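Asker: Below is final_20.txt; it holds compact mmCIF, C-alpha atoms.
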# COMPACT_ATOMS: atom_id res chain seq x y z
CA MET A 1 90.05 171.23 80.46
CA ARG A 2 87.04 169.58 82.05
CA TYR A 3 86.96 167.01 79.23
CA THR A 4 90.66 166.27 79.71
CA LEU A 5 90.26 165.76 83.45
CA THR A 6 87.24 163.51 82.91
CA LEU A 7 89.15 161.46 80.36
CA LEU A 8 92.14 161.12 82.67
CA ALA A 9 89.87 160.08 85.53
CA GLY A 10 88.26 157.47 83.32
CA LEU A 11 91.62 156.13 82.20
CA SER A 12 92.74 156.03 85.83
CA THR A 13 89.66 154.02 86.78
CA LEU A 14 90.26 151.61 83.92
CA GLY A 15 93.85 151.22 84.97
CA THR A 16 92.84 150.52 88.55
CA ALA A 17 90.27 147.94 87.43
CA ALA A 18 92.83 146.25 85.21
CA ALA A 19 95.36 146.19 88.03
CA ALA A 20 92.78 144.71 90.40
CA GLN A 21 91.91 142.06 87.85
CA GLU A 22 95.57 141.12 87.38
CA TYR A 23 96.47 141.11 91.08
CA ARG A 24 97.10 137.68 92.55
CA PRO A 25 97.77 137.48 96.28
CA PRO A 26 101.15 135.98 97.07
CA PHE A 27 99.79 134.17 100.12
CA ARG A 28 98.61 130.73 98.93
CA PRO A 29 97.11 128.62 101.72
CA ASP A 30 96.82 125.63 99.39
CA THR A 31 100.63 125.45 99.17
CA LEU A 32 101.08 125.56 102.95
CA LYS A 33 99.85 122.17 104.07
CA SER A 34 100.52 120.41 107.35
CA PRO A 35 102.98 117.48 107.19
CA ALA A 36 101.81 114.41 105.28
CA GLY A 37 100.03 111.92 107.46
CA ARG A 38 98.78 114.53 109.92
CA SER A 39 96.07 116.19 107.83
CA SER A 40 92.39 115.42 107.69
CA GLU A 41 91.37 113.82 104.41
CA VAL A 42 88.13 114.54 102.59
CA LEU A 43 86.51 112.57 99.78
CA VAL A 44 83.88 114.71 98.06
CA LEU A 45 81.29 112.48 96.41
CA GLY A 46 79.11 114.31 93.93
CA THR A 47 75.69 112.70 93.72
CA ALA A 48 72.38 112.99 92.00
CA HIS A 49 69.45 113.54 94.35
CA LEU A 50 67.99 110.04 94.45
CA LEU A 51 64.45 111.40 94.68
CA GLY A 52 64.89 112.24 90.98
CA TRP A 53 65.86 108.69 89.97
CA PRO A 54 63.33 106.38 88.28
CA LYS A 55 60.44 105.79 90.65
CA GLY A 56 60.59 102.51 92.55
CA PHE A 57 64.29 101.79 91.95
CA ASP A 58 65.71 98.99 94.10
CA PRO A 59 68.12 100.37 96.74
CA ALA A 60 70.13 97.16 96.33
CA ILE A 61 71.61 98.59 93.14
CA LEU A 62 73.59 100.97 95.36
CA SER A 63 75.58 98.06 96.86
CA PRO A 64 78.62 98.35 94.54
CA LEU A 65 78.89 102.07 95.34
CA LEU A 66 78.60 101.40 99.07
CA ASP A 67 81.30 98.74 98.80
CA ARG A 68 83.74 101.20 97.21
CA LEU A 69 83.00 103.90 99.79
CA ALA A 70 83.26 101.45 102.69
CA ALA A 71 86.67 100.31 101.43
CA TRP A 72 87.90 103.91 101.73
CA ARG A 73 87.07 103.66 105.48
CA PRO A 74 85.70 107.12 106.31
CA THR A 75 85.55 107.97 110.00
CA GLY A 76 82.95 110.70 109.47
CA ILE A 77 80.21 111.33 106.91
CA ALA A 78 78.79 114.75 106.01
CA THR A 79 75.50 115.13 104.16
CA GLU A 80 73.63 117.89 102.36
CA ASP A 81 71.10 118.48 105.12
CA LEU A 82 70.36 121.50 107.26
CA SER A 83 71.30 120.91 110.87
CA GLY A 84 68.56 120.86 113.44
CA LEU A 85 70.14 123.88 115.10
CA GLN A 86 70.10 125.94 111.89
CA CYS A 87 66.49 125.01 111.21
CA ASP A 88 65.63 126.01 114.79
CA ALA A 89 67.28 129.38 114.19
CA LEU A 90 65.57 129.90 110.83
CA ARG A 91 62.15 129.22 112.38
CA ARG A 92 62.67 132.29 114.55
CA TYR A 93 62.72 134.56 111.48
CA PRO A 94 59.70 133.49 109.41
CA GLN A 95 59.56 136.83 107.60
CA ARG A 96 62.69 135.76 105.72
CA TYR A 97 62.89 131.98 106.06
CA ALA A 98 59.33 130.62 106.05
CA ASP A 99 59.72 129.01 102.60
CA THR A 100 63.18 127.69 103.45
CA VAL A 101 61.90 126.00 106.60
CA LYS A 102 58.95 124.52 104.73
CA THR A 103 61.21 123.14 102.00
CA TYR A 104 64.34 122.01 103.83
CA CYS A 105 63.55 121.51 107.51
CA TRP A 106 61.99 118.46 109.11
CA ASP A 107 59.52 119.30 111.89
CA PRO A 108 60.81 117.80 115.16
CA ALA A 109 57.58 118.57 117.03
CA PRO A 110 56.56 114.88 117.38
CA ALA A 111 59.98 114.09 118.87
CA ALA A 112 59.77 117.11 121.16
CA LYS A 113 56.44 115.79 122.41
CA ALA A 114 57.87 112.31 122.99
CA THR A 115 61.02 113.49 124.77
CA GLY A 116 59.92 116.79 126.30
CA LEU A 117 63.01 118.47 124.85
CA SER A 118 63.55 121.44 122.56
CA VAL A 119 66.04 121.29 119.68
CA PRO A 120 68.90 122.90 121.69
CA GLU A 121 68.15 120.77 124.75
CA ALA A 122 68.07 117.54 122.75
CA THR A 123 71.23 118.49 120.87
CA ALA A 124 73.10 119.22 124.09
CA GLU A 125 72.03 115.93 125.64
CA ALA A 126 72.98 113.98 122.49
CA GLU A 127 76.42 115.62 122.39
CA GLY A 128 76.89 114.80 126.07
CA LEU A 129 76.04 111.15 125.50
CA LEU A 130 78.39 110.90 122.53
CA ALA A 131 81.23 112.44 124.55
CA GLU A 132 81.03 109.49 126.96
CA TRP A 133 79.71 106.87 124.54
CA PRO A 134 80.76 103.33 125.51
CA ALA A 135 82.39 100.89 123.11
CA ASN A 136 79.39 98.58 123.39
CA PRO A 137 76.27 100.66 124.07
CA SER A 138 73.08 98.95 125.12
CA ALA A 139 69.98 98.87 122.95
CA ALA A 140 68.33 101.26 125.41
CA GLN A 141 71.18 103.74 124.94
CA ARG A 142 70.82 103.56 121.15
CA ARG A 143 67.06 104.08 121.35
CA ARG A 144 67.60 107.09 123.61
CA LEU A 145 70.19 108.58 121.28
CA ALA A 146 67.92 108.03 118.26
CA ALA A 147 65.10 109.86 120.08
CA LEU A 148 67.43 112.72 120.99
CA PHE A 149 68.65 113.06 117.41
CA LEU A 150 65.04 113.25 116.21
CA ALA A 151 64.17 115.86 118.82
CA GLY A 152 67.29 117.78 117.74
CA GLY A 153 66.17 117.72 114.08
CA GLU A 154 68.89 115.26 113.02
CA ARG A 155 66.88 112.50 111.37
CA GLY A 156 69.85 111.14 109.39
CA SER A 157 71.79 110.48 112.58
CA ALA A 158 68.67 109.03 114.21
CA LEU A 159 68.43 106.58 111.32
CA VAL A 160 72.06 105.54 111.90
CA GLN A 161 71.20 104.57 115.48
CA TRP A 162 68.03 102.82 114.34
CA LEU A 163 69.94 100.75 111.77
CA ARG A 164 72.57 99.83 114.38
CA LEU A 165 69.90 98.35 116.65
CA PRO A 166 69.32 94.59 116.39
CA ALA A 167 66.02 93.97 114.62
CA GLY A 168 64.42 92.72 117.82
CA GLU A 169 65.37 95.91 119.66
CA ARG A 170 63.73 98.28 117.18
CA ARG A 171 60.78 98.97 119.44
CA VAL A 172 59.10 101.56 121.60
CA GLY A 173 61.03 102.83 124.60
CA ASP A 174 63.66 105.27 125.86
CA GLY A 175 62.04 108.23 124.13
CA LEU A 176 60.94 106.44 120.94
CA ASP A 177 57.18 106.12 120.61
CA ASP A 178 55.06 104.52 117.91
CA ALA A 179 54.92 107.70 115.82
CA LEU A 180 58.71 108.16 115.79
CA ILE A 181 59.31 104.51 114.95
CA ALA A 182 56.83 104.70 112.08
CA TYR A 183 58.65 107.79 110.83
CA LEU A 184 62.08 106.12 110.95
CA ARG A 185 60.79 103.12 109.04
CA THR A 186 59.29 105.38 106.38
CA TYR A 187 62.39 107.58 106.18
CA ALA A 188 64.64 104.54 105.70
CA LYS A 189 62.70 103.69 102.52
CA ARG A 190 62.54 107.22 101.15
CA PRO A 191 64.71 107.69 98.04
CA ASN A 192 67.41 110.05 99.29
CA GLU A 193 71.18 109.91 99.53
CA THR A 194 71.28 110.77 103.25
CA GLY A 195 69.42 107.64 104.25
CA MET A 196 70.27 105.18 101.50
CA ILE A 197 73.96 106.07 101.23
CA GLY A 198 75.05 108.11 104.27
CA ALA A 199 73.13 106.36 107.07
CA VAL A 200 73.48 102.86 105.64
CA LEU A 201 77.22 103.34 105.19
CA ALA A 202 77.66 104.85 108.67
CA ALA A 203 75.86 101.91 110.28
CA ARG A 204 77.93 99.46 108.25
CA LEU A 205 81.19 101.11 109.33
CA GLY A 206 80.23 101.34 113.01
CA LEU A 207 79.86 105.14 113.04
CA GLU A 208 77.40 106.75 115.42
CA ARG A 209 76.12 109.76 113.47
CA LEU A 210 76.13 111.90 110.34
CA TYR A 211 77.11 115.56 110.10
CA SER A 212 74.50 117.89 108.56
CA VAL A 213 76.47 120.62 106.78
CA ASP A 214 74.08 122.26 104.33
CA ASP A 215 73.40 125.97 104.81
CA HIS A 216 70.48 128.12 103.70
CA SER A 217 71.12 131.18 105.84
CA ALA A 218 71.68 133.22 102.65
CA ASP A 219 68.13 132.51 101.45
CA THR A 220 65.86 135.51 100.95
CA PRO A 221 62.15 135.82 100.09
CA ASP A 222 61.26 135.79 96.42
CA PRO A 223 61.78 139.26 94.92
CA ALA A 224 59.07 141.32 93.31
CA ASP A 225 60.70 140.73 89.92
CA GLN A 226 60.90 136.96 90.44
CA LYS A 227 59.33 136.21 87.05
CA ALA A 228 61.88 138.31 85.17
CA GLN A 229 64.68 136.84 87.27
CA GLY A 230 63.60 133.29 86.52
CA GLU A 231 63.26 133.96 82.82
CA ALA A 232 66.73 135.52 82.66
CA ILE A 233 68.36 132.57 84.40
CA MET A 234 66.48 130.05 82.27
CA ARG A 235 67.67 131.78 79.11
CA ALA A 236 71.23 131.61 80.41
CA TRP A 237 70.86 127.89 81.09
CA ASP A 238 69.73 127.24 77.51
CA ASN A 239 73.21 126.50 76.19
CA PRO A 240 75.19 123.64 74.62
CA ALA A 241 76.84 122.62 77.90
CA SER A 242 73.45 122.22 79.59
CA LYS A 243 72.17 120.14 76.69
CA ALA A 244 75.25 117.92 76.92
CA ARG A 245 74.72 117.43 80.66
CA ARG A 246 71.06 116.50 80.23
CA ALA A 247 71.80 114.06 77.43
CA GLU A 248 74.51 112.30 79.45
CA ASP A 249 72.34 112.16 82.56
CA GLU A 250 69.47 110.60 80.62
CA ARG A 251 71.85 108.02 79.13
CA LEU A 252 73.35 107.15 82.50
CA GLN A 253 69.97 106.94 84.26
CA ALA A 254 68.71 104.56 81.58
CA GLY A 255 71.44 102.12 82.57
CA LEU A 256 71.13 102.35 86.36
CA ALA A 257 69.49 98.95 86.80
CA LYS A 258 72.01 97.18 84.56
CA PRO A 259 75.07 95.47 86.09
CA GLY A 260 77.63 98.17 86.84
CA GLY A 261 75.12 100.91 86.03
CA VAL A 262 75.30 102.74 89.37
CA LEU A 263 79.09 102.72 89.44
CA ALA A 264 79.16 103.96 85.84
CA TYR A 265 76.83 106.77 86.87
CA TYR A 266 78.91 107.87 89.87
CA ARG A 267 82.19 107.54 88.00
CA ALA A 268 80.83 109.79 85.26
CA ILE A 269 79.48 112.55 87.49
CA ASN A 270 82.66 112.53 89.59
CA ARG A 271 85.05 112.89 86.66
CA ALA A 272 87.75 115.52 87.06
CA ASP A 273 86.28 117.62 84.23
CA MET A 274 82.68 117.56 85.50
CA PRO A 275 82.89 120.71 87.70
CA THR A 276 84.03 122.74 84.68
CA LEU A 277 81.13 121.43 82.59
CA VAL A 278 78.74 122.29 85.45
CA TYR A 279 80.20 125.80 85.60
CA ARG A 280 79.85 126.35 81.84
CA SER A 281 76.27 125.11 81.79
CA ASP A 282 75.12 126.89 84.94
CA PHE A 283 77.09 129.49 86.90
CA GLY A 284 79.38 130.75 84.15
CA ALA A 285 76.38 131.12 81.84
CA ALA A 286 74.49 132.98 84.58
CA LEU A 287 77.36 135.43 85.08
CA ALA A 288 77.24 136.29 81.40
CA GLU A 289 73.48 136.92 81.20
CA PRO A 290 72.88 140.57 80.15
CA SER A 291 69.93 141.74 82.27
CA PRO A 292 70.30 145.32 83.64
CA GLN A 293 69.45 143.99 87.11
CA ARG A 294 72.34 141.48 86.87
CA PHE A 295 70.12 138.61 87.94
CA GLY A 296 72.82 136.08 87.12
CA ALA A 297 75.41 137.79 89.28
CA GLY A 298 73.01 137.78 92.21
CA TYR A 299 72.30 134.09 91.72
CA VAL A 300 76.01 133.24 91.58
CA GLY A 301 76.66 135.37 94.67
CA TYR A 302 74.07 133.35 96.57
CA TRP A 303 75.54 130.07 95.28
CA GLU A 304 79.09 130.94 96.31
CA THR A 305 77.93 132.15 99.73
CA ARG A 306 76.05 128.91 100.34
CA ASN A 307 79.03 126.77 99.33
CA LEU A 308 81.43 128.78 101.47
CA ARG A 309 79.19 128.31 104.50
CA MET A 310 78.74 124.60 103.77
CA VAL A 311 82.50 124.14 103.56
CA GLY A 312 82.83 126.24 106.72
CA ASN A 313 80.56 123.72 108.47
CA ILE A 314 82.75 120.87 107.24
CA ARG A 315 85.90 122.65 108.38
CA ASP A 316 84.32 123.13 111.79
CA VAL A 317 83.78 119.38 112.13
CA LEU A 318 87.32 118.60 110.95
CA GLY A 319 88.74 121.11 113.42
CA GLN A 320 86.98 119.27 116.23
CA HIS A 321 88.26 115.90 114.98
CA PRO A 322 91.79 116.40 113.55
CA GLY A 323 92.86 113.57 111.29
CA MET A 324 89.31 112.58 110.35
CA ARG A 325 88.71 110.81 107.04
CA MET A 326 85.49 112.49 105.96
CA LEU A 327 83.18 111.44 103.17
CA ALA A 328 81.24 114.52 102.07
CA ILE A 329 78.15 113.53 100.08
CA VAL A 330 76.71 116.46 98.15
CA GLY A 331 74.77 117.34 95.01
CA LEU A 332 77.09 117.19 92.01
CA SER A 333 76.83 120.94 91.28
CA HIS A 334 78.46 121.64 94.65
CA ARG A 335 81.38 119.27 94.18
CA GLY A 336 83.79 121.60 92.37
CA TYR A 337 83.23 124.37 94.91
CA TYR A 338 83.63 121.97 97.84
CA GLU A 339 86.97 120.76 96.49
CA ALA A 340 88.25 124.22 95.57
CA TYR A 341 87.40 125.73 98.95
CA LEU A 342 88.52 122.73 101.02
CA ASN A 343 91.81 122.72 99.14
CA GLN A 344 92.57 126.15 100.65
CA MET A 345 92.60 124.68 104.14
CA HIS A 346 96.06 124.08 105.66
CA ASP A 347 95.03 120.88 107.43
CA VAL A 348 92.90 119.26 104.71
CA ARG A 349 93.91 116.98 101.87
CA LEU A 350 91.53 115.76 99.18
CA ALA A 351 91.03 112.19 98.05
CA ASP A 352 90.55 111.44 94.35
CA PRO A 353 87.03 110.06 93.76
CA ALA A 354 88.15 108.40 90.52
CA LYS A 355 90.55 106.19 92.46
CA VAL A 356 87.99 105.34 95.15
CA LEU A 357 85.29 104.47 92.60
CA ARG A 358 87.48 102.54 90.17
Output the file's structure in the form of structure tokens.

Answerer:
Amino acid sequence: MRYTLTLLAGLSTLGTAAAAQEYRPPFRPDTLKSPAGRSSEVLVLGTAHLLGWPKGFDPAILSPLLDRLAAWRPTGIATEDLSGLQCDALRRYPQRYADTVKTYCWDPAPAAKATGLSVPEATAEAEGLLAEWPANPSAAQRRRLAALFLAGGERGSALVQWLRLPAGERRVGDGLDDALIAYLRTYAKRPNETGMIGAVLAARLGLERLYSVDDHSADTPDPADQKAQGEAIMRAWDNPASKARRAEDERLQAGLAKPGGVLAYYRAINRADMPTLVYRSDFGAALAEPSPQRFGAGYVGYWETRNLRMVGNIRDVLGQHPGMRMLAIVGLSHRGYYEAYLNQMHDVRLADPAKVLR
């Protein structure tokens, strides 16, 4: 009798699991869009991290890409950076986030010294200025806003203001001192997509800032079994899809300096099928790894949480600026998740990167 009851309970559990797996909610936000012409539009541009490109590459090779993106006429640009406010919050919990802050957060202390403002104070003042920003701001106003963005931990937006200054007005004053100016000049030359694509494009289009939408609030300290975890994930990544991705990336990088090389690179990594290849090589493979601790599942849980929060940050910006045309620049492994999650939003429509980059 006990055996029969146990068997029936097991069958019941299996049936429940099967039913849960087959259940599809009838409510589909992606089918309930606002009327055409009233939605915000988002172009998700998957990118390599330019720091990994061949050392000493000439930023001028990015010009054809910038031309295509400028022709799409975004009215807002989001980048894969932690906001100054999130970094300020993470600094308050070093027991969990010390490594995250060290890796992903710029230290605004020099700007705090120059302006006398904390991150929240500088952010509030910058937002106040932007709310009443004139059509033709003075050079002094731009210098002040650049200093406030630096003090608020928003170096990408500070670079936008710096680039919008006439060359003769890029000088000390209004909160910018010699140290901050030296930093902006160095940052402008650093190989990264925030400065060389996002800030340059924003300045070219007459935009005043970038939106930092990355999120690392799901980060945790390295576990005691970090070595075993790393080995398990690395074994999962050793698969044909990963080899195919590496081979294509090496081929595309070899042609970057050739005419049309950068556009060929971005067209390839923004193909419609690329997110599926990324999934097979990375997250899908991790889900299937067989460790008893389910290291892969934990890794994928972190990845999905991070992407959900990043898209939440984007949706927050779009909610404050209905009808915005946003260019979201993000590492290519995020692109599929960005598009899938953004597509669930009632008031968001996606642009096709293949058409923009053609």

Asker: Compile the contact shell of Trp53 (chain A) as a compact mmCIF listing (two decimals) with C-alpha atoms, in the coordinates of the input: residues with an atom at most 10 Å away, counting all atoms listed in the file, same-chain residues fewer than 6 positions apart removed.

Answerer:
# COMPACT_ATOMS: atom_id res chain seq x y z
CA PRO A 191 64.71 107.69 98.04
CA ASN A 192 67.41 110.05 99.29
CA GLN A 253 69.97 106.94 84.26
CA ALA A 254 68.71 104.56 81.58
CA LEU A 256 71.13 102.35 86.36

Asker: Go through A:Asp273, A:Glu169, A:Asp81, A:Asp177 one by one, measure the shortest atom-to-atom distance of each to Ala112 (chain A) using all atoms listed in the file, and give the residue with the smallest value.

Answerer: A:Asp177

Asker: Can you tell me which residues surround region 24-29 of chain A at a distance of at most 7 Å, considering only C-alpha atoms, apart from same-chain residues fewer than 2 positions away, and format the answer as a ChimeraX atom specification?

Answerer: /A:22,31-32,344-346

Asker: Can you tell me how far CA of Ile233 (chain A) sits from CA of Cys87 (chain A), in Å to one decimal?

Answerer: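 Computing the Euclidean distance for CA of Ile233 (chain A) and CA of Cys87 (chain A) yields 27.9 Å.
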
Asker: In Å, with one decimal, what is the gap from CA of Val262 (chain A) to CA of Gly195 (chain A)?

Answerer: 16.7 Å

Asker: From the set A:Gly198, A:Gly173, A:Glu339, A:Gln95, which residue has the shortest atom-to-atom contact distance to Met310 (chain A), counting all atoms listed in the file?

Answerer: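 Closest to Met310 (chain A), using all atoms listed in the file: A:Glu339.
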
Asker: Using only C-alpha atoms, which protein or nucleic acid residues come within 10 Å of Tyr265 (chain A)? Drop anything in the same chain fewer than 2 positions from it, and give the result as a PyMOL selection string.

Answerer: chain A and resi 47-48+65+248-249+251-256+260-263+267-270

Asker: Put those residues in a file: C-alpha atoms, as an mmCIF file, in the frame of the given file.

Answerer:
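Resulting contents of part.cif:
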data_model
loop_
_atom_site.group_PDB
_atom_site.id
_atom_site.type_symbol
_atom_site.label_atom_id
_atom_site.label_comp_id
_atom_site.auth_asym_id
_atom_site.auth_seq_id
_atom_site.Cartn_x
_atom_site.Cartn_y
_atom_site.Cartn_z
ATOM 1 C CA THR A 47 75.690 112.700 93.720
ATOM 2 C CA ALA A 48 72.380 112.990 92.000
ATOM 3 C CA LEU A 65 78.890 102.070 95.340
ATOM 4 C CA GLU A 248 74.510 112.300 79.450
ATOM 5 C CA ASP A 249 72.340 112.160 82.560
ATOM 6 C CA ARG A 251 71.850 108.020 79.130
ATOM 7 C CA LEU A 252 73.350 107.150 82.500
ATOM 8 C CA GLN A 253 69.970 106.940 84.260
ATOM 9 C CA ALA A 254 68.710 104.560 81.580
ATOM 10 C CA GLY A 255 71.440 102.120 82.570
ATOM 11 C CA LEU A 256 71.130 102.350 86.360
ATOM 12 C CA GLY A 260 77.630 98.170 86.840
ATOM 13 C CA GLY A 261 75.120 100.910 86.030
ATOM 14 C CA VAL A 262 75.300 102.740 89.370
ATOM 15 C CA LEU A 263 79.090 102.720 89.440
ATOM 16 C CA ARG A 267 82.190 107.540 88.000
ATOM 17 C CA ALA A 268 80.830 109.790 85.260
ATOM 18 C CA ILE A 269 79.480 112.550 87.490
ATOM 19 C CA ASN A 270 82.660 112.530 89.590
#

Asker: Taking 4 positions as the minimum chain separation for residues in the same chain, which residues sit within 9 Å of Val172 (chain A) when counting only C-alpha atoms? Answer as a ChimeraX atom specification.

Answerer: /A:143,176-178,180-181

Asker: Calculate how many Å separate CA of Gly298 (chain A) from CA of Ser333 (chain A), rounding to one decimal.

Answerer: 17.3 Å

Asker: Using all atoms of region 130-143 of chain A listed in the file and a margin of 3 Å per side, can you give the axis-aligned box centre and edge lengths in Å to one decimal, as lines of an AutoDock Vina configuration file?

Answerer:
center_x = 74.7
center_y = 105.5
center_z = 124.1
size_x = 21.3
size_y = 19.9
size_z = 11.8

Asker: Enumerate, as a ChimeraX atom specification, the protein, DNA and RNA residues whose atoms approach (66.4, 135.3, 90.6) to within 7 Å, taking into account only C-alpha atoms and the coordinate frame of the file.

Answerer: /A:226,229-230,295,299

Asker: Emit the selected residues as a PDB file, keeping the file's coordinate frame, including C-alpha atoms.

Answerer:
ATOM      1  CA  GLN A 226      60.900 136.960  90.440  1.00  0.00           C
ATOM      2  CA  GLN A 229      64.680 136.840  87.270  1.00  0.00           C
ATOM      3  CA  GLY A 230      63.600 133.290  86.520  1.00  0.00           C
ATOM      4  CA  PHE A 295      70.120 138.610  87.940  1.00  0.00           C
ATOM      5  CA  TYR A 299      72.300 134.090  91.720  1.00  0.00           C
TER       6      TYR A 299
END

Asker: Neighbouring residues of Leu82 (chain A) were defined as those with any atom within 9 Å, considering only C-alpha atoms; residues of the same chain fewer than 4 positions away were excluded. Please report them as a list in words.

Answerer: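 These residues fall inside the cut-off: Gln86, Cys87, Tyr104, Cys105, Gly153, Glu154, Ser212, Val213, Asp214, Asp215 and His216 of chain A.
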
Asker: Select all residues near (85.3, 119.6, 94.3) (cut-off 10 Å, inclusive, file coordinates), counting only C-alpha atoms, and output them as a PyMOL selection string.

Answerer: chain A and resi 43-46+270+272+274-275+330+332-343+350+352-353

Asker: Restricting it to C-alpha atoms, dump the selection as a PDB file, in the frame of the given file.

Answerer:
ATOM      1  CA  LEU A  43      86.510 112.570  99.780  1.00  0.00           C
ATOM      2  CA  VAL A  44      83.880 114.710  98.060  1.00  0.00           C
ATOM      3  CA  LEU A  45      81.290 112.480  96.410  1.00  0.00           C
ATOM      4  CA  GLY A  46      79.110 114.310  93.930  1.00  0.00           C
ATOM      5  CA  ASN A 270      82.660 112.530  89.590  1.00  0.00           C
ATOM      6  CA  ALA A 272      87.750 115.520  87.060  1.00  0.00           C
ATOM      7  CA  MET A 274      82.680 117.560  85.500  1.00  0.00           C
ATOM      8  CA  PRO A 275      82.890 120.710  87.700  1.00  0.00           C
ATOM      9  CA  VAL A 330      76.710 116.460  98.150  1.00  0.00           C
ATOM     10  CA  LEU A 332      77.090 117.190  92.010  1.00  0.00           C
ATOM     11  CA  SER A 333      76.830 120.940  91.280  1.00  0.00           C
ATOM     12  CA  HIS A 334      78.460 121.640  94.650  1.00  0.00           C
ATOM     13  CA  ARG A 335      81.380 119.270  94.180  1.00  0.00           C
ATOM     14  CA  GLY A 336      83.790 121.600  92.370  1.00  0.00           C
ATOM     15  CA  TYR A 337      83.230 124.370  94.910  1.00  0.00           C
ATOM     16  CA  TYR A 338      83.630 121.970  97.840  1.00  0.00           C
ATOM     17  CA  GLU A 339      86.970 120.760  96.490  1.00  0.00           C
ATOM     18  CA  ALA A 340      88.250 124.220  95.570  1.00  0.00           C
ATOM     19  CA  TYR A 341      87.400 125.730  98.950  1.00  0.00           C
ATOM     20  CA  LEU A 342      88.520 122.730 101.020  1.00  0.00           C
ATOM     21  CA  ASN A 343      91.810 122.720  99.140  1.00  0.00           C
ATOM     22  CA  LEU A 350      91.530 115.760  99.180  1.00  0.00           C
ATOM     23  CA  ASP A 352      90.550 111.440  94.350  1.00  0.00           C
ATOM     24  CA  PRO A 353      87.030 110.060  93.760  1.00  0.00           C
TER      25      PRO A 353
END

Asker: I'd like to know which of A:Lys113, A:Trp106, A:Tyr279, A:Ala286 is closest to Arg235 (chain A), using all atoms listed in the file.

Answerer: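 Under the stated criterion, the closest residue is A:Ala286.
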
Asker: Pick out the closest residue to Pro166 (chain A) from this set: A:Thr186, A:Thr276, A:Ser138, A:Ser83. Count only C-alpha atoms.

Answerer: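 Of A:Thr186, A:Thr276, A:Ser138, A:Ser83, the one nearest Pro166 (chain A) is A:Ser138, counting only C-alpha atoms.
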
Asker: Pick the closest to Leu163 (chain A) from A:Glu121, A:Glu80, A:Asp347, A:Glu208: which is it, counting all atoms listed in the file?

Answerer: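 Looking only at the distances to Leu163 (chain A), the closest residue turns out to be A:Glu208.
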
Asker: Using all atoms listed in the file, which of the listed residues (A:Val42, A:Ala114, A:Leu159, A:Val200) sits closest to Pro322 (chain A)?

Answerer: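 Closest to Pro322 (chain A) of all the choices is A:Val42.
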